[in-house]
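Student: I'd like to ask you about the structure that follows.
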Amino acid sequence: MNTGKADSLAQGDGQLARILEAEAERQDSTINLIASENIASQAVLEAQRSPIIDKYAEGYPGRRYYSGCVHIDEIENLAITRARELFGAEHANVQAHSGSQANMAAYSVILNYRDTVMGMTLSHGGHLTHGAEVNFSGKLYRFIPYGVDPKTETLNYDEVEKLALEHRPRLIVAGASSYSRIVDFERFRHIADKAGAMLLADIAHIAGIIAAGLHSSSVPYAQVSTATTQKTLRGPRGGLVLCQKQLSSAIDAAVFPGMQGGPAMHTIAAKAVCFHEAVQPGFVDYQKRVLDNAKILASELQSHGLRIVSGGTDNHIVLVDLSSTGITGKDADTALEAAGITVNRNAIPFDPKPPWIASGIRLGTPAVTTRGFGPDEMKRIANLIMKVLSAASDAGTREQVRQEVRDICRQFPIAG
Ligand code: DSN
């Protein structure tokens, strides 16, 4: 189990040690279908909890404001080189603490206050940082939202182009948090060029799939690509900015000192590990299984009568429309959690319900695939989800499903 807990913690702070132990047990005994989560390897965990945690290193390799950075420089250079090679990028900044900060840094380089930007609206699958009113992005910049087509529930590039030509944004943001179809970055680049805009691709969700070559890369088309390392990439929690050479100094300066102080060097070490893991032979096979599992889960749920937004999936995400069941996303995620299946409530496109309630749930296969779940488990999970949804307030059904979930999880323990 991924506790990272040593005996000294149990002896020195039993209270916290018990909470960590309980969380490890929760993870081990439940089925995690949260699309943005994964299970980091022991190597990633070891790097993350190494003594590097103690080191301050404001600056960049060879230009630090602190001494004692000889090995820190080696680590950051290794992470940068590996990220560049993995994605074929001219420049990589590995210091951004999160995907949101990666986006913030990129915006601050490309945009001025109140500039016009286009981004996918949150309610159709975009991210908070793609212009949501409650987020810095929506407060600092004038976002023109684009969404999916009401019929196909997929991106309508002609509509995106029409909007772009009408509003002439300085930047177009492509990419999403809850969109299960291929994103055509080449088309986005054509649209951006036509409208005189720059292109930023937020590949946080699909970075691992791109790294495995199973989704076309944004890097040849977008001046900047931003990502997180903890999702399909299966590394530590953190951000990543990939950009063209001419933006490299500006992006680095935007991250530090523009937005952050000292880099989290222990996380950067763990990022280096995950980039290394992503070029190992097993990684492509893992990503193929992630995609296969998502397809099977979607089609099994469909065969049970549930509607999948856009009719299926091309990636690790399955967005389920619960409208026909009479259960809200909120009630579904509560009932499923009680039965040991973790998901998140999610708006569906054109959702009449507010995001806190939502008409859908978002499912994802990265974490269960890391555990070793395959087609048989996907079919069993679809059955279990249906059981819970068809008796959402029945404690007996939940308990019965909870037991089955425990049995499945016991067959696929989280390594450690
Ligand atoms: N909140 C994350 C997700 O679940 O997709 C993205 O930052």
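Following the order of the structure tokens, chains are lettered A, B, ..., residues in each are numbered from 1, and ligands are numbered from 1.
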What does the list of residues within 8 Å of ligand 1 look like if you count only C-alpha atoms and all ligand atoms, written as a PyMOL selection string?
Tutor: chain A and resi 34-37+99-100+127-128+177-178+204-205
Student: Save the residues we just selected, N, CA, C and O atoms, as an mmCIF file, in the first residue's frame?
Tutor:
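Full text of again-v7.cif as output:
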data_model
loop_
_atom_site.group_PDB
_atom_site.id
_atom_site.type_symbol
_atom_site.label_atom_id
_atom_site.label_comp_id
_atom_site.auth_asym_id
_atom_site.auth_seq_id
_atom_site.Cartn_x
_atom_site.Cartn_y
_atom_site.Cartn_z
ATOM 1 N N ILE A 34 -12.105 7.786 -10.436
ATOM 2 C CA ILE A 34 -11.954 9.227 -10.646
ATOM 3 C C ILE A 34 -10.930 9.433 -11.769
ATOM 4 O O ILE A 34 -9.777 8.990 -11.678
ATOM 5 N N ALA A 35 -11.398 10.089 -12.842
ATOM 6 C CA ALA A 35 -10.627 10.131 -14.092
ATOM 7 C C ALA A 35 -9.302 10.868 -13.959
ATOM 8 O O ALA A 35 -8.379 10.652 -14.749
ATOM 9 N N SER A 36 -9.198 11.757 -12.970
ATOM 10 C CA SER A 36 -7.983 12.561 -12.832
ATOM 11 C C SER A 36 -6.993 11.957 -11.833
ATOM 12 O O SER A 36 -5.970 12.566 -11.544
ATOM 13 N N GLU A 37 -7.311 10.784 -11.298
ATOM 14 C CA GLU A 37 -6.415 10.175 -10.302
ATOM 15 C C GLU A 37 -5.734 8.945 -10.884
ATOM 16 O O GLU A 37 -6.147 8.402 -11.901
ATOM 17 N N GLY A 99 -1.295 22.186 -12.489
ATOM 18 C CA GLY A 99 -1.782 22.524 -13.829
ATOM 19 C C GLY A 99 -2.351 23.930 -13.876
ATOM 20 O O GLY A 99 -2.190 24.650 -14.868
ATOM 21 N N SER A 100 -3.032 24.328 -12.808
ATOM 22 C CA SER A 100 -3.606 25.675 -12.779
ATOM 23 C C SER A 100 -2.492 26.714 -12.842
ATOM 24 O O SER A 100 -2.609 27.737 -13.534
ATOM 25 N N HIS A 127 -11.915 23.366 -18.130
ATOM 26 C CA HIS A 127 -11.397 23.417 -16.759
ATOM 27 C C HIS A 127 -11.686 24.778 -16.154
ATOM 28 O O HIS A 127 -11.895 25.759 -16.887
ATOM 29 N N LEU A 128 -11.665 24.829 -14.833
ATOM 30 C CA LEU A 128 -11.848 26.102 -14.106
ATOM 31 C C LEU A 128 -10.978 27.211 -14.698
ATOM 32 O O LEU A 128 -11.415 28.356 -14.840
ATOM 33 N N SER A 177 -11.184 18.935 -19.237
ATOM 34 C CA SER A 177 -11.107 18.068 -18.057
ATOM 35 C C SER A 177 -12.137 16.956 -18.113
ATOM 36 O O SER A 177 -12.043 15.985 -17.370
ATOM 37 N N SER A 178 -13.149 17.179 -18.930
ATOM 38 C CA SER A 178 -14.208 16.185 -18.958
ATOM 39 C C SER A 178 -14.750 16.049 -20.381
ATOM 40 O O SER A 178 -15.923 16.296 -20.629
ATOM 41 N N ALA A 204 -3.589 18.276 -19.619
ATOM 42 C CA ALA A 204 -3.454 17.686 -18.278
ATOM 43 C C ALA A 204 -4.012 16.264 -18.232
ATOM 44 O O ALA A 204 -3.370 15.353 -17.697
ATOM 45 N N HIS A 205 -5.204 16.071 -18.791
ATOM 46 C CA HIS A 205 -5.825 14.745 -18.684
ATOM 47 C C HIS A 205 -5.168 13.709 -19.581
ATOM 48 O O HIS A 205 -5.059 12.549 -19.213
#
Student: Which of range 209-413 of chain A counts as strand (DSSP E or B) under DSSP, as a list in words please?
Tutor: Val224, Ser225, Thr226, Ala227, Thr228, Gly239, Leu240, Val241, Leu242, Cys243, Arg307, Ile308, Ile317, Val318, Leu319, Val320, Asp321, Ile341, Thr342, Asn344, Arg345, Asn346, Gly360, Ile361, Arg362, Leu363 and Gly364 of chain A
Student: Counting only C-alpha atoms, which of A:Ser299, A:Gln101, A:Ser390, A:Thr232 gets nearest to Pro375 in chain A?
Tutor: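 Among the listed residues, A:Ser299 lies closest to Pro375 in chain A.
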Student: May I ask for the distance between CA of Ser29 in chain A and CA of His276 in chain A, given in Å to one decimal place?
Tutor: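 These atoms are spaced 29.1 Å apart.
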Student: Please provide the set of residues having any atom within 8 Å of Gly372 in chain A, restricted to only C-alpha atoms, with same-chain residues fewer than 3 positions apart removed, written as a list in words.
Tutor: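 Everything that qualifies: Val368, Thr369 and Phe412 of chain A.
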Student: May I have the residues from that selection written out with C-alpha atoms, as a compact mmCIF listing (two decimals), in the first residue's frame?
Tutor:
# COMPACT_ATOMS: atom_id res chain seq x y z
CA VAL A 368 -8.04 0.74 -11.95
CA THR A 369 -5.90 -0.15 -14.96
CA PHE A 412 -5.62 -6.64 -7.18
Student: Among range 142-274 of chain A, which ones does DSSP place in helix (DSSP H, G or I), written as a count of residues only?
Tutor: 48
Student: For each of A:Ala89, A:Leu322, A:Ala272, A:Ile203, take the minimum atom-to-atom distance to Val219 in chain A, counting only C-alpha atoms, then give the residue where this is smallest.
Tutor: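 Smallest distance to Val219 in chain A is found for A:Ala89.
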Student: Tell me which protein, DNA and RNA residues are within 8 Å of Arg181 in chain A, counting only C-alpha atoms, leaving out same-chain ones fewer than 3 positions away, and put them as a list in words.
Tutor: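 Skipping anything fewer than 3 positions along the chain leaves Thr154, Thr313, Asp314 and Asn315 of chain A.
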Student: Can I get the selection written as a PDB file, in the first residue's frame, with all heavy atoms?
Tutor:
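Output saved as out-v1.pdb:
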ATOM      1  N   THR A 154     -19.918  16.632 -29.308  1.00  0.00           N
ATOM      2  CA  THR A 154     -18.474  16.711 -29.570  1.00  0.00           C
ATOM      3  C   THR A 154     -18.164  18.120 -30.053  1.00  0.00           C
ATOM      4  O   THR A 154     -19.075  18.878 -30.401  1.00  0.00           O
ATOM      5  CB  THR A 154     -18.038  15.695 -30.652  1.00  0.00           C
ATOM      6  OG1 THR A 154     -18.743  15.991 -31.857  1.00  0.00           O
ATOM      7  CG2 THR A 154     -18.342  14.269 -30.239  1.00  0.00           C
ATOM      8  N   THR A 313     -16.363   6.787 -25.976  1.00  0.00           N
ATOM      9  CA  THR A 313     -15.126   7.444 -25.531  1.00  0.00           C
ATOM     10  C   THR A 313     -13.944   7.082 -26.432  1.00  0.00           C
ATOM     11  O   THR A 313     -13.882   5.960 -26.956  1.00  0.00           O
ATOM     12  CB  THR A 313     -14.782   7.059 -24.074  1.00  0.00           C
ATOM     13  OG1 THR A 313     -13.549   7.673 -23.702  1.00  0.00           O
ATOM     14  CG2 THR A 313     -14.656   5.545 -23.887  1.00  0.00           C
ATOM     15  N   ASP A 314     -13.048   8.032 -26.598  1.00  0.00           N
ATOM     16  CA  ASP A 314     -11.778   7.784 -27.301  1.00  0.00           C
ATOM     17  C   ASP A 314     -10.613   7.838 -26.327  1.00  0.00           C
ATOM     18  O   ASP A 314      -9.459   7.673 -26.736  1.00  0.00           O
ATOM     19  CB  ASP A 314     -11.511   8.876 -28.356  1.00  0.00           C
ATOM     20  CG  ASP A 314     -12.594   8.924 -29.415  1.00  0.00           C
ATOM     21  OD1 ASP A 314     -13.101   7.860 -29.797  1.00  0.00           O
ATOM     22  OD2 ASP A 314     -12.920  10.048 -29.863  1.00  0.00           O
ATOM     23  N   ASN A 315     -10.888   8.165 -25.063  1.00  0.00           N
ATOM     24  CA  ASN A 315      -9.771   8.284 -24.115  1.00  0.00           C
ATOM     25  C   ASN A 315     -10.079   7.525 -22.827  1.00  0.00           C
ATOM     26  O   ASN A 315     -10.727   6.474 -22.872  1.00  0.00           O
ATOM     27  CB  ASN A 315      -9.399   9.760 -23.898  1.00  0.00           C
ATOM     28  CG  ASN A 315     -10.534  10.615 -23.334  1.00  0.00           C
ATOM     29  OD1 ASN A 315     -11.455  10.089 -22.674  1.00  0.00           O
ATOM     30  ND2 ASN A 315     -10.498  11.899 -23.590  1.00  0.00           N
TER      31      ASN A 315
END
Student: Can you measure CA of Ile327 in chain A to CA of Gly396 in chain A for me? One decimal in Å is fine.
Tutor: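 Here the two named atoms are 18.2 Å from each other.
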Student: Can you pull out the residues contacting Met104 in chain A? Cut-off 12 Å, using only C-alpha atoms, and skip same-chain residues under 2 positions away; I want them as a count of residues only.
Tutor: 37
Student: Identify, on the basis of only C-alpha atoms, every residue whose closest approach to Val343 in chain A does not exceed 10 Å; exclude the query and any residue fewer than 6 positions from it along the same chain; express the result as a ChimeraX atom specification.
Tutor: /A:31-35,329,332-334,336-337,361-364
Student: Any chance you could export the current selection's all heavy atoms as a tab-separated table (two decimals), in the first residue's frame?
Tutor:
chain	number	residue	atom	x	y	z
A	31	ILE	N	-12.84	0.85	-5.35
A	31	ILE	CA	-12.58	0.93	-6.79
A	31	ILE	C	-12.57	2.41	-7.17
A	31	ILE	O	-13.58	3.09	-7.05
A	31	ILE	CB	-13.65	0.16	-7.57
A	31	ILE	CG1	-13.51	-1.35	-7.29
A	31	ILE	CG2	-13.56	0.46	-9.07
A	31	ILE	CD1	-14.62	-2.20	-7.89
A	32	ASN	N	-11.42	2.88	-7.62
A	32	ASN	CA	-11.26	4.31	-7.90
A	32	ASN	C	-11.48	4.60	-9.39
A	32	ASN	O	-10.64	4.28	-10.23
A	32	ASN	CB	-9.85	4.75	-7.48
A	32	ASN	CG	-9.63	6.23	-7.76
A	32	ASN	OD1	-10.55	6.94	-8.17
A	32	ASN	ND2	-8.41	6.70	-7.55
A	33	LEU	N	-12.60	5.22	-9.67
A	33	LEU	CA	-12.91	5.58	-11.06
A	33	LEU	C	-12.83	7.08	-11.29
A	33	LEU	O	-13.45	7.62	-12.20
A	33	LEU	CB	-14.31	5.06	-11.43
A	33	LEU	CG	-14.49	3.54	-11.46
A	33	LEU	CD1	-15.95	3.18	-11.72
A	33	LEU	CD2	-13.60	2.88	-12.51
A	34	ILE	N	-12.10	7.79	-10.44
A	34	ILE	CA	-11.95	9.23	-10.65
A	34	ILE	C	-10.93	9.43	-11.77
A	34	ILE	O	-9.78	8.99	-11.68
A	34	ILE	CB	-11.56	9.94	-9.34
A	34	ILE	CG1	-12.77	9.83	-8.38
A	34	ILE	CG2	-11.18	11.40	-9.61
A	34	ILE	CD1	-12.63	10.49	-7.06
A	35	ALA	N	-11.40	10.09	-12.84
A	35	ALA	CA	-10.63	10.13	-14.09
A	35	ALA	C	-9.30	10.87	-13.96
A	35	ALA	O	-8.38	10.65	-14.75
A	35	ALA	CB	-11.47	10.77	-15.19
A	329	GLY	N	-26.36	13.44	-10.19
A	329	GLY	CA	-24.95	13.09	-10.08
A	329	GLY	C	-24.52	13.04	-8.61
A	329	GLY	O	-23.78	12.16	-8.19
A	332	ALA	N	-25.84	9.98	-6.93
A	332	ALA	CA	-25.14	8.80	-7.46
A	332	ALA	C	-23.74	8.69	-6.85
A	332	ALA	O	-23.32	7.62	-6.43
A	332	ALA	CB	-25.04	8.89	-8.98
A	333	ASP	N	-23.02	9.83	-6.77
A	333	ASP	CA	-21.65	9.69	-6.25
A	333	ASP	C	-21.66	9.34	-4.76
A	333	ASP	O	-20.83	8.58	-4.28
A	333	ASP	CB	-20.71	10.84	-6.69
A	333	ASP	CG	-20.56	12.04	-5.77
A	333	ASP	OD1	-20.82	11.93	-4.58
A	333	ASP	OD2	-20.13	13.09	-6.29
A	334	THR	N	-22.70	9.82	-4.04
A	334	THR	CA	-22.82	9.46	-2.62
A	334	THR	C	-23.12	7.97	-2.46
A	334	THR	O	-22.51	7.27	-1.64
A	334	THR	CB	-23.94	10.30	-1.97
A	334	THR	OG1	-23.67	11.67	-2.22
A	334	THR	CG2	-24.03	10.06	-0.47
A	336	LEU	N	-22.64	5.53	-4.64
A	336	LEU	CA	-21.53	4.69	-5.11
A	336	LEU	C	-20.38	4.69	-4.11
A	336	LEU	O	-19.75	3.67	-3.88
A	336	LEU	CB	-21.06	5.17	-6.49
A	336	LEU	CG	-22.02	4.84	-7.64
A	336	LEU	CD1	-21.67	5.64	-8.90
A	336	LEU	CD2	-22.00	3.34	-7.95
A	337	GLU	N	-20.13	5.85	-3.48
A	337	GLU	CA	-19.05	5.89	-2.48
A	337	GLU	C	-19.38	4.95	-1.32
A	337	GLU	O	-18.51	4.22	-0.83
A	337	GLU	CB	-18.82	7.32	-1.97
A	337	GLU	CG	-17.69	7.35	-0.94
A	337	GLU	CD	-17.30	8.74	-0.47
A	337	GLU	OE1	-18.04	9.70	-0.75
A	337	GLU	OE2	-16.25	8.83	0.20
A	361	ILE	N	-22.22	11.61	-13.98
A	361	ILE	CA	-21.01	11.23	-13.25
A	361	ILE	C	-19.90	11.01	-14.29
A	361	ILE	O	-20.16	10.56	-15.40
A	361	ILE	CB	-21.19	9.94	-12.38
A	361	ILE	CG1	-21.85	8.82	-13.18
A	361	ILE	CG2	-21.93	10.26	-11.10
A	361	ILE	CD1	-21.94	7.49	-12.41
A	362	ARG	N	-18.68	11.37	-13.87
A	362	ARG	CA	-17.53	11.15	-14.74
A	362	ARG	C	-16.76	9.94	-14.21
A	362	ARG	O	-16.45	9.87	-13.02
A	362	ARG	CB	-16.63	12.40	-14.73
A	362	ARG	CG	-15.47	12.33	-15.70
A	362	ARG	CD	-14.53	13.52	-15.54
A	362	ARG	NE	-13.88	13.54	-14.24
A	362	ARG	CZ	-12.83	14.30	-13.91
A	362	ARG	NH1	-12.33	15.13	-14.80
A	362	ARG	NH2	-12.30	14.25	-12.71
A	363	LEU	N	-16.50	8.99	-15.08
A	363	LEU	CA	-15.73	7.81	-14.70
A	363	LEU	C	-14.41	7.82	-15.48
A	363	LEU	O	-14.35	8.35	-16.59
A	363	LEU	CB	-16.49	6.52	-15.05
A	363	LEU	CG	-17.97	6.44	-14.63
A	363	LEU	CD1	-18.57	5.13	-15.11
A	363	LEU	CD2	-18.11	6.57	-13.13
A	364	GLY	N	-13.39	7.21	-14.92
A	364	GLY	CA	-12.11	7.14	-15.62
A	364	GLY	C	-11.38	5.86	-15.25
A	364	GLY	O	-11.58	5.31	-14.16
Student: Could you list, as number ranges by chain, every residue within 9 Å of range 72-87 of chain A, counting only C-alpha atoms and ignoring same-chain residues fewer than 6 positions away?
Tutor: A: 52, 55, 57, 60-62, 64, 93-95, 207, 210-212, 217, 219, 240, 242, 265, 268-273, 275-276, 278-279
Student: Rank A:Leu247, A:Tyr66, A:Ile385, A:Asp321 by their smallest atom-to-atom distance to Glu300 in chain A, using only C-alpha atoms, and report the top residue only.
Tutor: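 Of the candidates, the smallest distance to Glu300 in chain A is held by A:Ile385.
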Student: Have a look at CA of Gly126 in chain A and CA of Ala174 in chain A and let me know their distance in Å, one decimal.
Tutor: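 One can read the CA of Gly126 in chain A to CA of Ala174 in chain A distance as 8.8 Å.
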